[in-house]
Every structure is written in C-alpha cells, then in structure tokens.
file my_file_11.txt (compact mmCIF, C-alpha atoms)
# COMPACT_ATOMS: atom_id res chain seq x y z
CA MET A 1 -31.43 -18.86 27.39
CA PHE A 2 -30.54 -15.20 27.78
CA SER A 3 -26.77 -15.57 28.11
CA ASP A 4 -26.04 -13.08 25.33
CA ILE A 5 -28.19 -10.25 26.74
CA GLY A 6 -26.26 -7.62 28.65
CA ALA A 7 -27.40 -5.50 31.60
CA LEU A 8 -28.19 -2.44 29.48
CA GLU A 9 -30.27 -4.51 27.06
CA LEU A 10 -32.16 -6.12 29.96
CA VAL A 11 -32.94 -2.71 31.49
CA THR A 12 -34.11 -1.49 28.09
CA LEU A 13 -36.45 -4.49 27.75
CA VAL A 14 -37.90 -3.90 31.23
CA VAL A 15 -38.50 -0.21 30.54
CA LEU A 16 -40.08 -1.05 27.18
CA ALA A 17 -42.33 -3.67 28.82
CA VAL A 18 -43.45 -1.15 31.47
CA LEU A 19 -44.23 1.40 28.76
CA VAL A 20 -46.15 -1.07 26.56
CA PHE A 21 -48.14 -2.98 29.21
CA GLY A 22 -48.22 -0.48 32.06
CA PRO A 23 -47.08 -1.04 35.64
CA ASP A 24 -50.40 -2.58 36.80
CA LYS A 25 -50.72 -5.15 33.95
CA LEU A 26 -47.04 -6.11 33.84
CA PRO A 27 -47.12 -8.74 36.67
CA LYS A 28 -50.04 -10.55 35.00
CA VAL A 29 -48.25 -10.51 31.60
CA ILE A 30 -45.09 -11.94 33.21
CA GLN A 31 -47.14 -14.73 34.86
CA ASP A 32 -48.87 -15.54 31.57
CA VAL A 33 -45.58 -15.65 29.63
CA SER A 34 -43.89 -17.84 32.27
CA ARG A 35 -46.93 -20.18 32.33
CA PHE A 36 -46.77 -20.44 28.51
CA ILE A 37 -43.03 -21.20 28.55
CA ARG A 38 -43.59 -23.86 31.24
CA LYS A 39 -46.34 -25.50 29.15
CA VAL A 40 -44.14 -25.53 26.04
CA ARG A 41 -41.30 -27.15 28.01
CA ASP A 42 -43.66 -29.77 29.48
CA PHE A 43 -45.06 -30.52 26.02
CA SER A 44 -41.54 -30.85 24.60
CA ASP A 45 -40.41 -33.16 27.42
CA SER A 46 -43.47 -35.39 27.04
CA ALA A 47 -42.97 -35.56 23.26
CA LYS A 48 -39.34 -36.58 23.77
CA ALA A 49 -40.38 -39.26 26.27
CA ASP A 50 -43.02 -40.59 23.85
CA ILE A 51 -40.50 -40.77 21.01
CA ARG A 52 -37.94 -42.57 23.21
CA SER A 53 -40.54 -45.10 24.35
CA GLU A 54 -41.67 -45.73 20.76
CA LEU A 55 -38.09 -46.20 19.51
CA GLY A 56 -37.47 -49.02 21.96
CA PRO A 57 -34.71 -50.02 24.36
CA GLU A 58 -31.93 -49.89 21.78
CA PHE A 59 -32.37 -46.08 21.64
CA LYS A 60 -32.48 -45.49 25.40
CA ASP A 61 -29.30 -43.37 25.26
CA PHE A 62 -30.60 -41.34 22.32
CA GLU A 63 -30.24 -37.58 22.76
CA PHE A 64 -32.14 -35.18 20.55
CA GLU A 65 -29.17 -32.80 20.58
CA ASP A 66 -27.36 -35.45 18.51
CA LEU A 67 -29.67 -34.62 15.61
CA ASN A 68 -27.81 -31.34 15.17
CA PRO A 69 -25.37 -32.07 12.30
CA LYS A 70 -22.45 -30.34 14.05
CA THR A 71 -22.93 -32.30 17.25
CA PHE A 72 -23.47 -35.55 15.37
CA LEU A 73 -20.28 -35.17 13.32
CA ARG A 74 -18.21 -34.10 16.32
CA LYS A 75 -19.42 -37.12 18.29
CA GLN A 76 -18.72 -39.52 15.40
CA LEU A 77 -15.25 -38.09 14.82
CA ASP A 78 -14.38 -38.34 18.51
CA GLN A 79 -15.39 -42.02 18.60
CA ASN A 80 -13.50 -43.02 15.44
CA GLU A 81 -10.02 -44.31 16.23
CA ASP A 82 -8.87 -44.15 12.60
CA LEU A 83 -9.02 -40.37 12.59
CA LYS A 84 -6.44 -39.84 15.34
CA GLU A 85 -3.76 -39.24 12.70
CA LEU A 86 -6.01 -36.71 10.96
CA LYS A 87 -6.45 -34.80 14.21
CA GLU A 88 -2.69 -34.77 14.74
CA LEU A 89 -2.17 -33.53 11.18
CA ARG A 90 -4.79 -30.84 11.64
CA GLY A 91 -3.12 -29.73 14.86
CA SER A 92 0.29 -29.45 13.18
CA PHE A 93 -0.98 -27.47 10.17
CA ASP A 94 -0.63 -23.70 10.54
CA LEU A 95 -2.98 -22.12 8.00
CA LYS A 96 -1.94 -18.56 8.83
CA LYS A 97 1.73 -19.33 8.18
CA GLU A 98 0.92 -21.09 4.92
CA MET A 99 -1.24 -18.17 3.75
CA ASN A 100 1.53 -15.70 4.62
CA ASP A 101 4.04 -17.78 2.65
CA VAL A 102 1.74 -17.84 -0.37
CA ALA A 103 1.12 -14.08 -0.10
CA ASP A 104 4.86 -13.45 0.13
CA ALA A 105 5.43 -15.57 -2.97
CA VAL A 106 2.69 -13.76 -4.89
CA HIS A 107 3.98 -10.33 -3.93
CA GLY A 108 7.56 -11.33 -4.61
CA ARG A 109 8.78 -10.87 -1.06
CA GLU A 110 11.41 -13.17 0.34
CA PRO A 111 9.99 -15.32 3.17
CA GLN A 112 11.55 -14.87 6.58
CA PRO A 113 14.16 -17.57 7.28
CA SER A 114 12.46 -18.44 10.57
CA ALA A 115 9.09 -18.70 8.81
CA VAL A 116 10.39 -21.32 6.40
CA ASN A 117 10.31 -24.96 7.51
CA GLY A 118 14.03 -25.40 6.93
CA ALA A 119 16.13 -22.36 7.70
CA VAL A 120 18.53 -20.99 5.13
CA VAL A 121 20.97 -23.77 4.39
CA ASN A 122 24.55 -22.91 3.41
CA GLY A 123 23.54 -19.36 2.55
CA SER A 124 21.09 -20.45 -0.13
CA PRO A 125 17.33 -20.02 0.02
CA PRO A 126 15.31 -23.06 1.09
CA ASN A 127 13.66 -23.50 -2.33
CA GLY A 128 16.97 -24.66 -3.79
CA LEU A 129 17.34 -21.68 -6.13
CA PRO A 130 20.41 -19.52 -6.10
CA ALA A 131 20.09 -16.25 -4.23
CA SER A 132 20.55 -14.26 -7.45
CA GLY A 133 16.90 -14.70 -8.41
CA HIS A 134 17.67 -17.00 -11.33
CA ALA A 135 17.24 -20.74 -11.40
CA ALA A 136 20.16 -23.01 -12.07
CA GLY A 137 19.47 -23.04 -15.82
CA GLY A 138 19.67 -19.23 -16.07
CA THR A 139 15.93 -18.71 -16.23
CA PRO A 140 14.50 -15.92 -14.10
CA ASP A 141 12.82 -16.75 -10.81
CA LEU A 142 9.15 -15.89 -11.28
CA LEU A 143 8.56 -15.64 -7.54
CA LYS A 144 11.08 -12.84 -7.09
CA LYS A 145 9.77 -9.30 -7.50
CA GLN A 146 10.91 -7.80 -10.77
CA ASP A 147 12.62 -4.40 -10.79
CA LYS A 148 10.24 -1.72 -12.05
CA SER A 149 11.38 0.85 -14.52
CA ASP A 150 11.27 4.57 -13.65
CA THR A 151 8.64 5.36 -16.30
CA PRO A 152 5.19 4.29 -15.20
CA GLU A 153 3.21 2.24 -17.69
CA ARG A 154 0.30 4.24 -19.10
CA PRO A 155 -3.10 2.61 -19.28
CA PRO A 156 -4.53 2.05 -22.75
CA TYR A 157 -6.51 4.96 -24.20
CA ASP A 158 -9.92 4.26 -25.65
CA SER A 159 -11.21 7.20 -27.68
CA ASP A 160 -14.67 5.66 -27.99
CA ALA A 161 -15.10 5.46 -24.24
CA THR A 162 -14.68 9.21 -23.66
call {"tool": "encode", "arguments": {"input": "my_file_11.txt", "output": "structure tokens"}}
result
Amino acid sequence: MFSDIGALELVTLVVLAVLVFGPDKLPKVIQDVSRFIRKVRDFSDSAKADIRSELGPEFKDFEFEDLNPKTFLRKQLDQNEDLKELKELRGSFDLKKEMNDVADAVHGREPQPSAVNGAVVNGSPPNGLPASGHAAGGTPDLLKKQDKSDTPERPPYDSDAT
C-alpha cells in the first residue's frame, strides 16, 4: 500500500501526526484508523463473496482485478494464440531506430550504414539512389540537405506591424 513512500516522507508524516494530534492522543488515533481500515477490508471481502455467490458456479474463477481494462486486455492477449505473430512483430520493431531514420531524412543527414537494414551495397546508398544526391532521372534528391548560400534570407518586412 505504501510502497512508494520513502523513509524521509514516512518520518515527515509521523512528525506531522505528532504535531497535529499530540503524543497522548496519537495511539488512540492510530487504533481508530487501523480499525476503520480493517472494517473497510472486511466489507469489501464480504461484498466480493456475495457477488461471486450471486454470479454462480460458472464465475468461480472470476477475479475483480480483471475488471481493470489493462489487466483484462493483457490477459486476453496472452490467451489468444492468433496473436503470437503480432507479438513477434512487435518485438522485432525498433521504434527508436525508425524515428532516428525519419529524423535523419527530414534534416537531410545521411543515415549511418550500420543503422540501415541493408548496409551500403556496391558503394551506393541503400535507397537505390546514386550517391551524388540526384535520382537516376537527374532530378534532385529531396532527402539530401541542400547547400545554403552565404547570404542569409531576410524575413519579410511588414510596415503595418511596426
């Protein structure tokens, strides 16, 4: 229940409880809180037992944790034999590598030969284009970074805006 509370946080809570309730009332408050938690747990367990008995014998293995959508989907996917190939495909897909390849293409950088599925073949890039940056028909390669001129492009001037 308190697995994410550290030692410093626990000490802070104890000191705060002593300051709020006082050292003489603190044991009674702790007993009351623990009694309340015990009653809530008992009520929850009895409600679960009543629901299981009302559902009948076909739901004897029913777990209320299965009502959580994440748990339900995970359990259904693990039981489905048809999705084995999907799991294998998911395991072989490297999203970080794919995103890096797309970012390199957008920024006009050449992908690393080891990062490409097929390494450089016969000295030509793996996309089948010549290394000159132009496609076979003489059209420019849009993925290659264009050379910038020495004069920077000035932004448009709007006299009404100033």
call {"tool": "atom_distance", "arguments": {"input": "my_file_11.txt", "atom1": "atom CA of Gly108 of chain A", "atom2": "atom CA of Phe93 of chain A"}}
result
23.5 Å
call {"tool": "atom_distance", "arguments": {"input": "my_file_11.txt", "atom1": "atom CA of Arg38 of chain A", "atom2": "atom CA of Glu65 of chain A"}}
result
20.0 Å
call {"tool": "residues_around", "arguments": {"input": "my_file_11.txt", "residues": "Phe64 of chain A", "least_positions_apart": "5", "cutoff": "12 Å", "atoms": "all atoms listed in the file", "output": "PDB file with C-alpha atoms, keeping the file's coordinate frame"}}
result
ATOM      1  CA  SER A  44     -41.540 -30.850  24.600  1.00  0.00           C
ATOM      2  CA  ASP A  45     -40.410 -33.160  27.420  1.00  0.00           C
ATOM      3  CA  ALA A  47     -42.970 -35.560  23.260  1.00  0.00           C
ATOM      4  CA  LYS A  48     -39.340 -36.580  23.770  1.00  0.00           C
ATOM      5  CA  ALA A  49     -40.380 -39.260  26.270  1.00  0.00           C
ATOM      6  CA  ILE A  51     -40.500 -40.770  21.010  1.00  0.00           C
ATOM      7  CA  ARG A  52     -37.940 -42.570  23.210  1.00  0.00           C
ATOM      8  CA  PHE A  59     -32.370 -46.080  21.640  1.00  0.00           C
ATOM      9  CA  PRO A  69     -25.370 -32.070  12.300  1.00  0.00           C
ATOM     10  CA  THR A  71     -22.930 -32.300  17.250  1.00  0.00           C
ATOM     11  CA  PHE A  72     -23.470 -35.550  15.370  1.00  0.00           C
TER      12      PHE A  72
END
call {"tool": "atom_distance", "arguments": {"input": "my_file_11.txt", "atom1": "atom CA of Pro23 of chain A", "atom2": "atom CA of Ala7 of chain A"}}
result
20.6 Å
